[in-house]
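Structure file upload.pdb; described as PDB, N, CA and C atoms and all ligand atoms.
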ATOM      1  N   MET A  18       0.838  -1.205   0.000
ATOM      2  CA  MET A  18       0.000   0.000   0.000
ATOM      3  C   MET A  18       0.870   1.251   0.000
ATOM      4  N   ALA A  19       0.463   2.232  -0.756
ATOM      5  CA  ALA A  19       1.251   3.455  -0.869
ATOM      6  C   ALA A  19       1.145   4.281   0.410
ATOM      7  N   ALA A  20      -0.068   4.611   0.764
ATOM      8  CA  ALA A  20      -0.256   5.432   1.963
ATOM      9  C   ALA A  20      -0.230   4.541   3.201
ATOM     10  N   ARG A  21       0.168   5.114   4.295
ATOM     11  CA  ARG A  21       0.152   4.385   5.551
ATOM     12  C   ARG A  21      -1.296   4.074   5.903
ATOM     13  N   SER A  22      -1.512   2.840   6.328
ATOM     14  CA  SER A  22      -2.882   2.417   6.604
ATOM     15  C   SER A  22      -3.316   2.942   7.967
ATOM     16  N   ARG A  23      -4.382   3.690   7.964
ATOM     17  CA  ARG A  23      -4.870   4.258   9.223
ATOM     18  C   ARG A  23      -6.342   3.924   9.413
ATOM     19  N   ALA A  24      -6.725   3.798  10.660
ATOM     20  CA  ALA A  24      -8.137   3.570  10.950
ATOM     21  C   ALA A  24      -8.929   4.807  10.544
ATOM     22  N   HIS A  25     -10.111   4.573  10.076
ATOM     23  CA  HIS A  25     -11.002   5.669   9.736
ATOM     24  C   HIS A  25     -11.315   6.461  11.011
ATOM     25  N   PRO A  26     -11.443   7.796  10.908
ATOM     26  CA  PRO A  26     -11.722   8.596  12.115
ATOM     27  C   PRO A  26     -13.005   8.177  12.836
ATOM     28  N   TYR A  27     -13.946   7.583  12.109
ATOM     29  CA  TYR A  27     -15.197   7.134  12.731
ATOM     30  C   TYR A  27     -15.168   5.640  13.023
ATOM     31  N   ALA A  28     -13.982   5.063  13.131
ATOM     32  CA  ALA A  28     -13.862   3.608  13.237
ATOM     33  C   ALA A  28     -14.659   3.037  14.406
ATOM     34  N   ARG A  29     -14.774   3.790  15.492
ATOM     35  CA  ARG A  29     -15.508   3.268  16.644
ATOM     36  C   ARG A  29     -16.997   3.110  16.332
ATOM     37  N   LEU A  30     -17.453   3.822  15.329
ATOM     38  CA  LEU A  30     -18.878   3.808  15.005
ATOM     39  C   LEU A  30     -19.181   2.946  13.801
ATOM     40  N   MET A  31     -18.175   2.300  13.274
ATOM     41  CA  MET A  31     -18.377   1.620  11.996
ATOM     42  C   MET A  31     -19.205   0.344  12.157
ATOM     43  N   LEU A  32     -19.736  -0.115  11.051
ATOM     44  CA  LEU A  32     -20.459  -1.376  11.036
ATOM     45  C   LEU A  32     -19.530  -2.515  11.455
ATOM     46  N   GLU A  33     -20.112  -3.492  12.111
ATOM     47  CA  GLU A  33     -19.317  -4.664  12.493
ATOM     48  C   GLU A  33     -18.916  -5.498  11.274
ATOM     49  N   LEU A  34     -19.803  -5.547  10.292
ATOM     50  CA  LEU A  34     -19.614  -6.439   9.142
ATOM     51  C   LEU A  34     -19.485  -7.884   9.628
ATOM     52  N   ARG A  35     -20.566  -8.397  10.169
ATOM     53  CA  ARG A  35     -20.560  -9.735  10.760
ATOM     54  C   ARG A  35     -20.296 -10.813   9.712
ATOM     55  N   PRO A  36     -19.676 -11.901  10.158
ATOM     56  CA  PRO A  36     -19.200 -12.913   9.196
ATOM     57  C   PRO A  36     -20.242 -13.931   8.764
ATOM     58  N   ASN A  37     -21.425 -13.902   9.368
ATOM     59  CA  ASN A  37     -22.384 -14.973   9.061
ATOM     60  C   ASN A  37     -23.811 -14.449   9.083
ATOM     61  N   CYS A  38     -24.703 -15.263   8.521
ATOM     62  CA  CYS A  38     -26.133 -14.954   8.594
ATOM     63  C   CYS A  38     -26.644 -15.367   9.967
ATOM     64  N   GLU A  39     -27.381 -14.460  10.615
ATOM     65  CA  GLU A  39     -27.858 -14.754  11.963
ATOM     66  C   GLU A  39     -28.884 -15.882  11.983
ATOM     67  N   CYS A  40     -29.524 -16.116  10.846
ATOM     68  CA  CYS A  40     -30.594 -17.109  10.788
ATOM     69  C   CYS A  40     -30.085 -18.500  10.411
ATOM     70  N   CYS A  41     -29.339 -18.606   9.301
ATOM     71  CA  CYS A  41     -28.917 -19.928   8.830
ATOM     72  C   CYS A  41     -27.442 -20.192   9.086
ATOM     73  N   ASP A  42     -26.731 -19.199   9.615
ATOM     74  CA  ASP A  42     -25.329 -19.338  10.013
ATOM     75  C   ASP A  42     -24.389 -19.582   8.849
ATOM     76  N   ARG A  43     -24.829 -19.331   7.642
ATOM     77  CA  ARG A  43     -23.882 -19.507   6.528
ATOM     78  C   ARG A  43     -22.887 -18.349   6.517
ATOM     79  N   ASP A  44     -21.721 -18.608   5.970
ATOM     80  CA  ASP A  44     -20.706 -17.564   5.866
ATOM     81  C   ASP A  44     -21.113 -16.547   4.811
ATOM     82  N   LEU A  45     -20.883 -15.281   5.105
ATOM     83  CA  LEU A  45     -21.226 -14.208   4.182
ATOM     84  C   LEU A  45     -19.965 -13.482   3.755
ATOM     85  N   ALA A  46     -19.802 -13.301   2.450
ATOM     86  CA  ALA A  46     -18.641 -12.573   1.939
ATOM     87  C   ALA A  46     -18.812 -11.080   2.192
ATOM     88  N   LEU A  47     -17.715 -10.421   2.510
ATOM     89  CA  LEU A  47     -17.756  -8.981   2.770
ATOM     90  C   LEU A  47     -18.200  -8.193   1.549
ATOM     91  N   ASP A  48     -17.947  -8.759   0.371
ATOM     92  CA  ASP A  48     -18.278  -8.033  -0.860
ATOM     93  C   ASP A  48     -19.531  -8.597  -1.532
ATOM     94  N   ASP A  49     -20.327  -9.324  -0.763
ATOM     95  CA  ASP A  49     -21.571  -9.870  -1.317
ATOM     96  C   ASP A  49     -22.659  -8.804  -1.257
ATOM     97  N   PRO A  50     -23.107  -8.309  -2.422
ATOM     98  CA  PRO A  50     -24.086  -7.219  -2.418
ATOM     99  C   PRO A  50     -25.497  -7.673  -2.048
ATOM    100  N   THR A  51     -25.712  -8.980  -1.888
ATOM    101  CA  THR A  51     -27.056  -9.461  -1.557
ATOM    102  C   THR A  51     -27.270  -9.579  -0.048
ATOM    103  N   VAL A  52     -26.218  -9.375   0.738
ATOM    104  CA  VAL A  52     -26.357  -9.423   2.199
ATOM    105  C   VAL A  52     -27.138  -8.192   2.662
ATOM    106  N   VAL A  53     -28.060  -8.384   3.593
ATOM    107  CA  VAL A  53     -28.845  -7.251   4.094
ATOM    108  C   VAL A  53     -28.718  -7.152   5.616
ATOM    109  N   ILE A  54     -28.939  -5.935   6.122
ATOM    110  CA  ILE A  54     -28.860  -5.669   7.563
ATOM    111  C   ILE A  54     -30.038  -4.789   7.978
ATOM    112  N   CYS A  55     -30.375  -4.832   9.278
ATOM    113  CA  CYS A  55     -31.326  -3.867   9.830
ATOM    114  C   CYS A  55     -30.536  -2.740  10.476
ATOM    115  N   SER A  56     -31.223  -1.800  11.095
ATOM    116  CA  SER A  56     -30.534  -0.640  11.661
ATOM    117  C   SER A  56     -29.654  -1.028  12.842
ATOM    118  N   PHE A  57     -29.910  -2.192  13.451
ATOM    119  CA  PHE A  57     -29.069  -2.682  14.545
ATOM    120  C   PHE A  57     -27.991  -3.635  14.038
ATOM    121  N   GLU A  58     -27.931  -3.767  12.750
ATOM    122  CA  GLU A  58     -26.975  -4.633  12.074
ATOM    123  C   GLU A  58     -27.210  -6.115  12.364
ATOM    124  N   CYS A  59     -28.450  -6.506  12.619
ATOM    125  CA  CYS A  59     -28.788  -7.912  12.492
ATOM    126  C   CYS A  59     -28.558  -8.221  11.018
ATOM    127  N   THR A  60     -27.896  -9.318  10.721
ATOM    128  CA  THR A  60     -27.332  -9.556   9.386
ATOM    129  C   THR A  60     -27.890 -10.836   8.790
ATOM    130  N   TRP A  61     -28.339 -10.746   7.529
ATOM    131  CA  TRP A  61     -29.048 -11.862   6.905
ATOM    132  C   TRP A  61     -28.583 -12.086   5.482
ATOM    133  N   CYS A  62     -28.578 -13.350   5.079
ATOM    134  CA  CYS A  62     -28.296 -13.669   3.681
ATOM    135  C   CYS A  62     -29.554 -13.383   2.846
ATOM    136  N   ALA A  63     -29.390 -13.425   1.529
ATOM    137  CA  ALA A  63     -30.502 -13.086   0.642
ATOM    138  C   ALA A  63     -31.668 -14.057   0.813
ATOM    139  N   ASP A  64     -31.367 -15.341   0.968
ATOM    140  CA  ASP A  64     -32.432 -16.337   1.093
ATOM    141  C   ASP A  64     -33.259 -16.091   2.349
ATOM    142  N   CYS A  65     -32.582 -15.859   3.460
ATOM    143  CA  CYS A  65     -33.312 -15.636   4.703
ATOM    144  C   CYS A  65     -34.069 -14.312   4.643
ATOM    145  N   ALA A  66     -33.472 -13.288   4.043
ATOM    146  CA  ALA A  66     -34.164 -12.006   3.920
ATOM    147  C   ALA A  66     -35.461 -12.176   3.143
ATOM    148  N   ALA A  67     -35.433 -13.003   2.103
ATOM    149  CA  ALA A  67     -36.647 -13.253   1.321
ATOM    150  C   ALA A  67     -37.671 -13.980   2.187
ATOM    151  N   ALA A  68     -37.210 -14.964   2.942
ATOM    152  CA  ALA A  68     -38.120 -15.711   3.800
ATOM    153  C   ALA A  68     -38.690 -14.818   4.902
ATOM    154  N   LEU A  69     -37.920 -13.825   5.295
ATOM    155  CA  LEU A  69     -38.352 -12.912   6.357
ATOM    156  C   LEU A  69     -39.156 -11.742   5.806
ATOM    157  N   ALA A  70     -39.382 -11.731   4.495
ATOM    158  CA  ALA A  70     -40.102 -10.629   3.839
ATOM    159  C   ALA A  70     -39.430  -9.287   4.129
ATOM    160  N   SER A  71     -38.092  -9.320   4.233
ATOM    161  CA  SER A  71     -37.290  -8.116   4.452
ATOM    162  C   SER A  71     -37.672  -7.347   5.712
ATOM    163  N   ILE A  72     -38.169  -8.084   6.720
ATOM    164  CA  ILE A  72     -38.416  -7.491   8.032
ATOM    165  C   ILE A  72     -37.538  -8.230   9.035
ATOM    166  N   CYS A  73     -36.786  -7.486   9.837
ATOM    167  CA  CYS A  73     -35.916  -8.117  10.823
ATOM    168  C   CYS A  73     -36.761  -8.764  11.919
ATOM    169  N   PRO A  74     -36.569 -10.069  12.166
ATOM    170  CA  PRO A  74     -37.378 -10.740  13.190
ATOM    171  C   PRO A  74     -36.965 -10.359  14.601
ATOM    172  N   ASN A  75     -35.808  -9.750  14.765
ATOM    173  CA  ASN A  75     -35.351  -9.353  16.103
ATOM    174  C   ASN A  75     -35.947  -8.021  16.538
ATOM    175  N   CYS A  76     -36.015  -7.067  15.606
ATOM    176  CA  CYS A  76     -36.412  -5.714  16.005
ATOM    177  C   CYS A  76     -37.605  -5.184  15.226
ATOM    178  N   GLY A  77     -38.030  -5.916  14.179
ATOM    179  CA  GLY A  77     -39.192  -5.469  13.423
ATOM    180  C   GLY A  77     -38.878  -4.412  12.388
ATOM    181  N   GLY A  78     -37.600  -4.043  12.276
ATOM    182  CA  GLY A  78     -37.211  -3.013  11.317
ATOM    183  C   GLY A  78     -36.990  -3.576   9.930
ATOM    184  N   GLY A  79     -36.885  -2.681   8.966
ATOM    185  CA  GLY A  79     -36.649  -3.085   7.587
ATOM    186  C   GLY A  79     -35.200  -3.495   7.364
ATOM    187  N   LEU A  80     -35.001  -4.235   6.287
ATOM    188  CA  LEU A  80     -33.665  -4.704   5.926
ATOM    189  C   LEU A  80     -33.211  -3.992   4.655
ATOM    190  N   VAL A  81     -31.959  -3.581   4.652
ATOM    191  CA  VAL A  81     -31.396  -2.896   3.493
ATOM    192  C   VAL A  81     -30.062  -3.548   3.134
ATOM    193  N   PRO A  82     -29.634  -3.394   1.867
ATOM    194  CA  PRO A  82     -28.347  -3.988   1.472
ATOM    195  C   PRO A  82     -27.199  -3.480   2.344
ATOM    196  N   ARG A  83     -26.330  -4.392   2.726
ATOM    197  CA  ARG A  83     -25.173  -3.999   3.536
ATOM    198  C   ARG A  83     -24.144  -3.299   2.646
ATOM    199  N   PRO A  84     -23.697  -2.122   3.075
ATOM    200  CA  PRO A  84     -22.680  -1.434   2.275
ATOM    201  C   PRO A  84     -21.391  -2.259   2.234
ATOM    202  N   ILE A  85     -20.672  -2.134   1.152
ATOM    203  CA  ILE A  85     -19.426  -2.879   0.987
ATOM    204  C   ILE A  85     -18.252  -1.966   1.315
ATOM    205  N   ARG A  86     -17.466  -2.362   2.308
ATOM    206  CA  ARG A  86     -16.314  -1.546   2.696
ATOM    207  C   ARG A  86     -15.222  -1.711   1.636
ATOM    208  N   PRO A  87     -14.657  -0.603   1.185
ATOM    209  CA  PRO A  87     -13.604  -0.717   0.170
ATOM    210  C   PRO A  87     -12.457  -1.602   0.665
ATOM    211  N   ALA A  88     -11.965  -2.455  -0.217
ATOM    212  CA  ALA A  88     -10.954  -3.446   0.165
ATOM    213  C   ALA A  88      -9.747  -2.786   0.831
ATOM    214  N   GLY A  89      -9.356  -1.610   0.361
ATOM    215  CA  GLY A  89      -8.194  -0.933   0.909
ATOM    216  C   GLY A  89      -8.384  -0.442   2.327
ATOM    217  N   LYS A  90      -9.635  -0.412   2.801
ATOM    218  CA  LYS A  90      -9.913   0.079   4.159
ATOM    219  C   LYS A  90     -10.017  -1.049   5.168
ATOM    220  N   LEU A  91      -9.985  -2.289   4.675
ATOM    221  CA  LEU A  91     -10.265  -3.420   5.568
ATOM    222  C   LEU A  91      -9.121  -3.716   6.531
ATOM    223  N   ALA A  92      -7.880  -3.491   6.105
ATOM    224  CA  ALA A  92      -6.748  -3.826   6.968
ATOM    225  C   ALA A  92      -6.778  -2.994   8.245
ATOM    226  N   ALA A  93      -7.020  -1.695   8.090
ATOM    227  CA  ALA A  93      -7.021  -0.809   9.247
ATOM    228  C   ALA A  93      -8.382  -0.778   9.943
ATOM    229  N   ASN A  94      -9.403  -1.235   9.244
ATOM    230  CA  ASN A  94     -10.768  -1.226   9.785
ATOM    231  C   ASN A  94     -11.372  -2.612   9.594
ATOM    232  N   PRO A  95     -10.856  -3.585  10.318
ATOM    233  CA  PRO A  95     -11.223  -4.975  10.022
ATOM    234  C   PRO A  95     -12.658  -5.289  10.408
ATOM    235  N   PRO A  96     -13.250  -6.253   9.692
ATOM    236  CA  PRO A  96     -14.609  -6.672  10.017
ATOM    237  C   PRO A  96     -14.632  -7.488  11.300
ATOM    238  N   SER A  97     -15.822  -7.605  11.864
ATOM    239  CA  SER A  97     -16.020  -8.412  13.057
ATOM    240  C   SER A  97     -15.790  -9.883  12.748
ATOM    241  N   SER A  98     -15.230 -10.610  13.698
ATOM    242  CA  SER A  98     -15.136 -12.070  13.549
ATOM    243  C   SER A  98     -16.137 -12.759  14.465
ATOM    244  N   ARG A  99     -16.959 -11.954  15.167
ATOM    245  CA  ARG A  99     -17.911 -12.503  16.124
ATOM    246  C   ARG A  99     -19.154 -12.998  15.391
ATOM    247  N   ARG A 100     -19.397 -14.290  15.450
ATOM    248  CA  ARG A 100     -20.572 -14.849  14.782
ATOM    249  C   ARG A 100     -21.799 -14.638  15.666
ATOM    250  N   VAL A 101     -22.841 -14.085  15.090
ATOM    251  CA  VAL A 101     -24.109 -13.923  15.785
ATOM    252  C   VAL A 101     -25.095 -14.880  15.135
ATOM    253  N   PHE A 102     -25.639 -15.764  15.935
ATOM    254  CA  PHE A 102     -26.529 -16.797  15.401
ATOM    255  C   PHE A 102     -27.632 -17.032  16.420
ATOM    256  N   THR A 103     -28.867 -16.994  15.970
ATOM    257  CA  THR A 103     -29.992 -17.230  16.852
ATOM    258  C   THR A 103     -30.559 -18.609  16.551
ATOM    259  N   ALA A 104     -30.272 -19.558  17.414
ATOM    260  CA  ALA A 104     -30.696 -20.930  17.178
ATOM    261  C   ALA A 104     -32.217 -21.018  17.115
ATOM    262  N   GLY A 105     -32.699 -21.786  16.134
ATOM    263  CA  GLY A 105     -34.130 -22.006  16.037
ATOM    264  C   GLY A 105     -34.863 -20.972  15.214
ATOM    265  N   LEU A 106     -34.214 -19.865  14.917
ATOM    266  CA  LEU A 106     -34.876 -18.800  14.160
ATOM    267  C   LEU A 106     -35.286 -19.288  12.777
ATOM    268  N   HIS A 107     -34.389 -20.039  12.149
ATOM    269  CA  HIS A 107     -34.653 -20.523  10.801
ATOM    270  C   HIS A 107     -35.919 -21.390  10.775
ATOM    271  N   GLU A 108     -35.990 -22.327  11.706
ATOM    272  CA  GLU A 108     -37.146 -23.208  11.768
ATOM    273  C   GLU A 108     -38.410 -22.393  12.050
ATOM    274  N   ARG A 109     -38.279 -21.407  12.939
ATOM    275  CA  ARG A 109     -39.454 -20.597  13.286
ATOM    276  C   ARG A 109     -40.007 -19.879  12.072
ATOM    277  N   HIS A 110     -39.128 -19.232  11.323
ATOM    278  CA  HIS A 110     -39.697 -18.438  10.236
ATOM    279  C   HIS A 110     -40.028 -19.309   9.034
ATOM    280  N   LEU A 111     -39.365 -20.461   8.909
ATOM    281  CA  LEU A 111     -39.773 -21.382   7.843
ATOM    282  C   LEU A 111     -41.177 -21.893   8.091
ATOM    283  N   ALA A 112     -41.479 -22.084   9.375
ATOM    284  CA  ALA A 112     -42.797 -22.603   9.729
ATOM    285  C   ALA A 112     -43.897 -21.583   9.410
ATOM    286  N   LEU A 113     -43.506 -20.302   9.325
ATOM    287  CA  LEU A 113     -44.498 -19.246   9.062
ATOM    288  C   LEU A 113     -44.831 -19.126   7.579
ATOM    289  N   ARG A 114     -43.982 -19.716   6.749
ATOM    290  CA  ARG A 114     -44.193 -19.535   5.314
ATOM    291  C   ARG A 114     -45.407 -20.286   4.807
TER     292      ARG A 114
HETATM  293 ZN    ZN A 201     -29.377 -17.031   6.032
HETATM  294 ZN    ZN A 202     -32.878  -6.085  13.781
END

Could I get this file's structure written as structure tokens?
Amino acid sequence: MAARSRAHPYARLMLELRPNCECCDRDLALDDPTVVICSFECTWCADCAAALASICPNCGGGLVPRPIRPAGKLAANPPSSRRVFTAGLHERHLALR
């Protein structure tokens, strides 16, 4: 890298960019434009978002595409490695379909 890598000034406020879908626990790529989040950053894959009718089952809020962090910013502003998974959620919402 040409410039010295520095954390973004708002790094403390940045999205976690969680590594998995909270519902089905599949791994989500950081650059996958089909991943969606709610305002609390509950994070869902496209399949689960469709099954959830784009409403977050945790908070009732809407789901929007997760922004993609530019690759050059990831080293200094790394994504979360903390997996958030709600056991049983998948079965619950599948049963509602
Ligand atoms: Zn999923
Ligand atoms: Zn939510």

May I ask which of the residues A:Asp48, A:Thr103, A:Phe57, A:Glu33 is the closest one to ligand ZN 201 (chain A), counting only C-alpha atoms and all ligand atoms?
A:Thr103

Residue by residue, what does the PyMOL selection byres (((not hetatm)) within 5 of (chain A and resi 201)) grab here? Present the result as a count of residues only.
6

Go through the chains and note each residue within 7 Å of ligand ZN 202 (chain A), using only C-alpha atoms and all ligand atoms, then give the set as a list in words.
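What falls inside 7 Å of ligand ZN 202 (chain A) is Cys55, Ser56, Phe57, Glu58, Cys59, Cys73, Pro74, Asn75, Cys76, Gly77 and Gly78 of chain A.
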
Nearest to Ala28 (chain A), chosen from A:Val53, A:Ala63, A:Ala93, A:Leu106, with all atoms listed in the file counted in the distances:
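Using all atoms listed in the file, the shortest distance to Ala28 (chain A) belongs to A:Ala93.
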
Run DSSP on the backbone and tell me which residues of chain A come out as strand (DSSP E or B); list them as a PyMOL selection string.
chain A and resi 37+44+53-54+60-61+72+79+81-82
